[in-house]
Each structure stands twice: as structure tokens, then as C-alpha cells.
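**Student:** First, the structure itself, so that you have it in front of you.
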Amino acid sequence: MIEKGSWTVKKGLAEMLKGGVIMDVTTPEQAKIAEEAGACAVMALERVPADIRAAGGVARMADPTVIKRIMDVVTIPVMAKARIGHFVEAQILESLGADYIDESEVLTPADDLYHINKHDFKVPFVCGAKNLGEALRRIGEGAAMIRTKGEPGTGNVVEAVRHMRAVMGEVRRLQNLPKEELMTAAKEMAAPYDLVLYVAEHGKLPVVNFAAGGIATPADAALMMQLGVDGVFVGSGIFKSKDPAARAKAIVAATTHYNDPKILAEISTDLGEAMPGIEISTLSPTERMQERGW
Amino acid sequence: MKIGVLALQGAFREHRLMIESCGTEAVEIRKPAGLDQVQGLIIPGGESTTIGKLMRDFGLDQPILQRAEAGMPIFGTCAGLIMLAKTIRGSDQFSLGLMDIEVERNAFGRQVDSFEIDLAVPVLGYKPFRAVFIRAPWIEKAAPNVGILAQHDDKIVFARQGNFLASAFHPELTGDNRIHRYFLNMVKEAVN
């Protein structure tokens, strides 16, 4: 009668992360700083996206030692990234006890055609999306949580904003379509019909939706929250800044009080320098991580 | 009658919708002033370390304790249960300490061990309650003045002490609002 790994249980953990900040960490020390700042989860990585971008080459799942050492020191959930389509990396992460797997475009894709069949796993998955069709394809494959792709490792929020606006705009459009037009809409956005129907009826995704990819300041986090996301991932934005502990704490507070400019002003004060940013137009198409996956 | 849902982090929206499904008004609370207008409070599931820190950073802990001592009913689920506990095993994290219970965090294991099950809850009647446990705690020890409302595998997962109610599972993630109605009755009794 006891049921593990059910859809309710997978989606349920994402519900508990809402209104919170998930922070990229590469060492146990960083994980402790994140937890003490109030992170609701951490993402265990070998390198943050900005360093992956700088290093080039093939980026893979982190060494299990890194993930285990981080799991040992914090009590909050620990997530980890697998390459797009690399279901064996996902199997390894599941066996390690990772609490969520991010099938992520930050790593080099292992399959240029297919994503992981996430229904095969007991551990829940989060996936990135640039638009509603992509989000619904991932949910169709079993993702229990969605995030914007944004452009990782840039400290530039513009792509995350664009992806969130794209998703919300398409949700509103579906809500206004008569039922007979929904099959054609599903065909055009290459999304499962049943999920298109759900969105048209409920006016929202069937899973929790976070922002990711370029968030570097408390104001960025609050901007994404006001645009309607349920919470935020911060990758390079914390540990590539001058004062990670203070910035982490401020972004946590901003994600709770996203609608209160007075509090936002207070917590944005004296944080030291943010991470250096990258203007998106200076990236060549092959350097844009958001183009990975489909 | 108005119920406050502490909205610092976690599944506060689901609790608000559950209370509204019972025909009662619910408001999200992020600052101390919000407490003045409510007769009962729900502390939702989420991350207890995050919720505890934000509660103190934004000065909600003392006002909640004052209202609790004055008899306001409080219902905590999962992280909310941890917030209500007097003792958290192996941890020095903050809690309100309102219930004479000792809790073990993440006691049922990591996410891959999270589960749902039909739980017998006698105070709700014959029909079992679909209980969803997510990286859930359990109550390791409870003082004699704590009423045990449900157990799973000999572990206490639902309890009441006076005006405080605590569950290790998530009634807000199911369509069943019996536990929320039970809490609303506690609030009605406290108001009258």
C-alpha cells in the first residue's frame, strides 16, 4: 500500500521548494554557506556555469564524491545535474540518493535527439524550457518541475525574462482559444495534446515553474517572482560575486518579499560587487547553452 | 473568521486554497502586521531552516509566540511541525518550541524514500486519509500532554497539544480537506 516515487511525491518536493532559492555549490563549504543563508536546496556541481563556459570542452555529471560530500554536510535537499539524454548518469545520481536531477543544458548533451524518459525513475527531474511547447514536452517525458533556461553563467537576466514571458504569453493564448483550435495549437507547439488541454483549462503549467539562467541580484530574483515564477535557481550569481554569504541571504529575502520595494531596497544595500556579466549578443550561437535540447 | 498562512517559503498557496475550499477566508502572512487580522495560523511545509531564518530576520517569531500563548491555534505541516517542536534531534536550528515533542528531521529518508499511504486517523472517522510524506520528519518522543492522532510504522506522524496541531505529512497536497476542517473547528472553539 505504500507508494514511493509516485507523481504526487515527485511533484510534491517541488511544491515544498516554492518561494525559495536553489543555489549552485561546488564544495561542502559553499553548501554550508548556502544553507546558512536560507537556501531551500543546493545544486551540487563540479564547476558553476560561468566556469564551465570559461573552461570549454565537455561538461559532465559531477564526480560522485563531490555530491556525497555535499549531502553529508547539509540537511536541505541536494540536487545534481545529468547531461541531456544521459540516462546512465541519471541512474547513478538516483543511486547516490540525489533528491532531484536537473537534466541540464549547462552540461554538454549526450544525445542530440532524445531526452531522458524520466518516468523510468523514482527520483524527480527538473528540466529547462524556453517556451511552453518545450516545457510541455519535458513534462510529457516525466519532468516534475520546470525552470526557464535563461542563459547560464552570464549574470544577465534578459534570457530568463524572455523565456518566462514566452511561457506566460503562450499560456494566456491557449486559455483564450476555443476548444476546436487546441489540437492545432498542440501540433504547432509540438506539445502533448492532454497537457495543452490542461494548460488551456487551468491557465498554468501542471508543475512548479522556477526561474534560472542569469539571476545575479536580489532585484533579478524579485523581477522573476513578479513575472510569476514559483522560485529561483541561482547558479554562478552567488559564488562568483564579491560577498557570497551576504548576496545569498539577500536573494533569499528578495524571493520572499518580492512585492515589497522597501524591503528590496534595504536588502540590496552594500552587497559588494555582483558577478561580472556577459552581454548575450557577444556570444556566438554555439556558445549559447539555451540552444541545447529541443 | 480569517486564517493566516505563513508565506515565507514553501507550499503556502496550497494551504490557502484548502482553507478557501472549506469556505473560510485565508491570507498570506509575510510580515508581523499581518498576524493582527487572523484567528488561526498555518505554518506550511517547505525547508524548516529557511522558514526559521526568515521568521527571525523579519521579526515574526515573537509576535507568533505571543499570539500562541494567548491561545491562537497553530497548525504546522512537515517543516511547520519542526517549527512547533521543543526539541530537534541533532540540530541547533531555530524553532518556536510550542509543543512538548522531540522531532527527527528527514527521518523517513531522502526524496527517493518519500511516499504516500492510506493512513488511519481515528479522529477523522472511519475512512483513511491519503497521507503524502516528502522527506518527512517524525515525532520521536511526545510528552504525556500531547495527544497522538496518527502513527505510521509505530512512529508518531500527527499530534495535537492544546491549541497546536502538527502533521509530518502534507494534507494540502491531496483533495481531502478533512484535516483542514478539523483545524478550523479548533479555531472556532478558540474564538468562542
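Residues in the C-alpha cells are numbered from 1 in each chain, the chains being A, B, ... in the order shown, and ligands are numbered from 1 in the order shown.
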Would you list the contacts of Val38 in chain B as a list in words, taking every protein, DNA or RNA residue within 9 Å and counting only C-alpha atoms, but skipping same-chain residues closer than 3 positions in sequence?
**Tutor:**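 Once the adjacent positions are removed, what remains is Met1, Lys2, Ile3, Gly4, Ala26, Val27, Gly34, Leu35, Leu41 and Met72 of chain B.
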**Student:** Which residues, written as a list in words, have at least one atom at most 7 Å from range 74-87 of chain B, with only C-alpha atoms counted and residues fewer than 6 positions away on the same chain left out?
**Tutor:** Gly40, Leu41, Ile42, Ile43, Pro44, Gly45, Gly46, Glu47, Ser48, Ser95, Leu96, Gly97, Leu98, Met99, Asp100, Ile101, Glu102, Val103, Ala136, Pro137, Asn163, Phe164, Leu165, Ala166, Ser167, Ala168, Phe169 and His170 of chain B
**Student:** Quick check: residues of chain A within 6 Å of chain B, only C-alpha atoms, returned as a list in words.
**Tutor:**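 So the residues of chain A near chain B are Ile2, Glu3, Lys4, Glu15, Met16, Leu17, Lys18, Gly19, Gly20, Gly38, Cys40, Asp99, Val123 and Thr256 of chain A.
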**Student:** What gap, in Å, lies between CA of Leu195 in chain A and CA of Arg137 in chain A?
**Tutor:**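 Pair CA of Leu195 in chain A / CA of Arg137 in chain A returns 8.9 Å.
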**Student:** Excluding same-chain residues fewer than 4 positions from range 205-217 of chain A, what lies within 6 Å of it counting only C-alpha atoms, as a PyMOL selection string?
**Tutor:** chain A and resi 144-152+154-157+160+199+229-234+237
**Student:** Just list the residues in range 177-212 of chain A DSSP gives strand (DSSP E or B) on the backbone, as a list in words.
**Tutor:**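 Of range 177-212 of chain A, the ones in strand (DSSP E or B) are Val208, Asn209, Phe210 and Ala211 of chain A.
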**Student:** For N, CA and C atoms, I'd like the residues from the last selection saved as a compact mmCIF listing (two decimals), in the first residue's frame.
**Tutor:**
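again25.txt, written as the output of this step:
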```txt
# COMPACT_ATOMS: atom_id res chain seq x y z
N VAL A 208 5.42 22.84 -10.90
CA VAL A 208 6.06 24.05 -10.40
C VAL A 208 7.05 24.58 -11.46
N ASN A 209 7.15 25.92 -11.54
CA ASN A 209 7.95 26.56 -12.57
C ASN A 209 8.90 27.58 -11.95
N PHE A 210 10.20 27.32 -12.03
CA PHE A 210 11.20 28.21 -11.44
C PHE A 210 11.91 29.03 -12.52
N ALA A 211 12.63 30.07 -12.08
CA ALA A 211 13.47 30.84 -12.98
C ALA A 211 14.91 30.37 -12.82
```
**Student:** For range 59-75 of chain A, list every protein, DNA or RNA residue within 7 Å, evaluated using only C-alpha atoms, and leave out those in the same chain fewer than 5 positions away; present the list as JSON, numbers by chain.
**Tutor:** {"A": [27, 28, 31, 32, 35, 44, 45, 46, 52, 81, 82, 83, 89, 107, 108]}
**Student:** Excluding same-chain residues fewer than 4 positions from Lys130 in chain A, what lies within 8 Å of it counting only C-alpha atoms, as a PyMOL selection string?
**Tutor:** chain A and resi 134-135+148-150+162-164+166-167+290
**Student:** Could you state the separation of CA of Leu227 in chain A and CA of Asn259 in chain A in Å, given to one decimal place?
**Tutor:** 10.8 Å
**Student:** Pick out the residues sitting within 12 Å of Glu180 in chain A, and hand them over as a list in words; count only C-alpha atoms, and ignore anything fewer than 4 positions along from it in its own chain.
**Tutor:** Leu174, Asn176, Thr184, Ala185, Ala186, Tyr193, Leu197 and Ala200 of chain A
**Student:** I need the residues of range 25-147 of chain B that end up classed as alpha helix (DSSP H) by DSSP on the backbone, written out as a list in words.
**Tutor:** Ser48, Thr49, Thr50, Ile51, Gly52, Lys53, Leu54, Met55, Arg56, Asp57, Asp61, Gln62, Pro63, Ile64, Leu65, Gln66, Arg67, Ala68, Glu69, Ala79, Gly80, Leu81, Ile82, Met83 and Leu84 of chain B
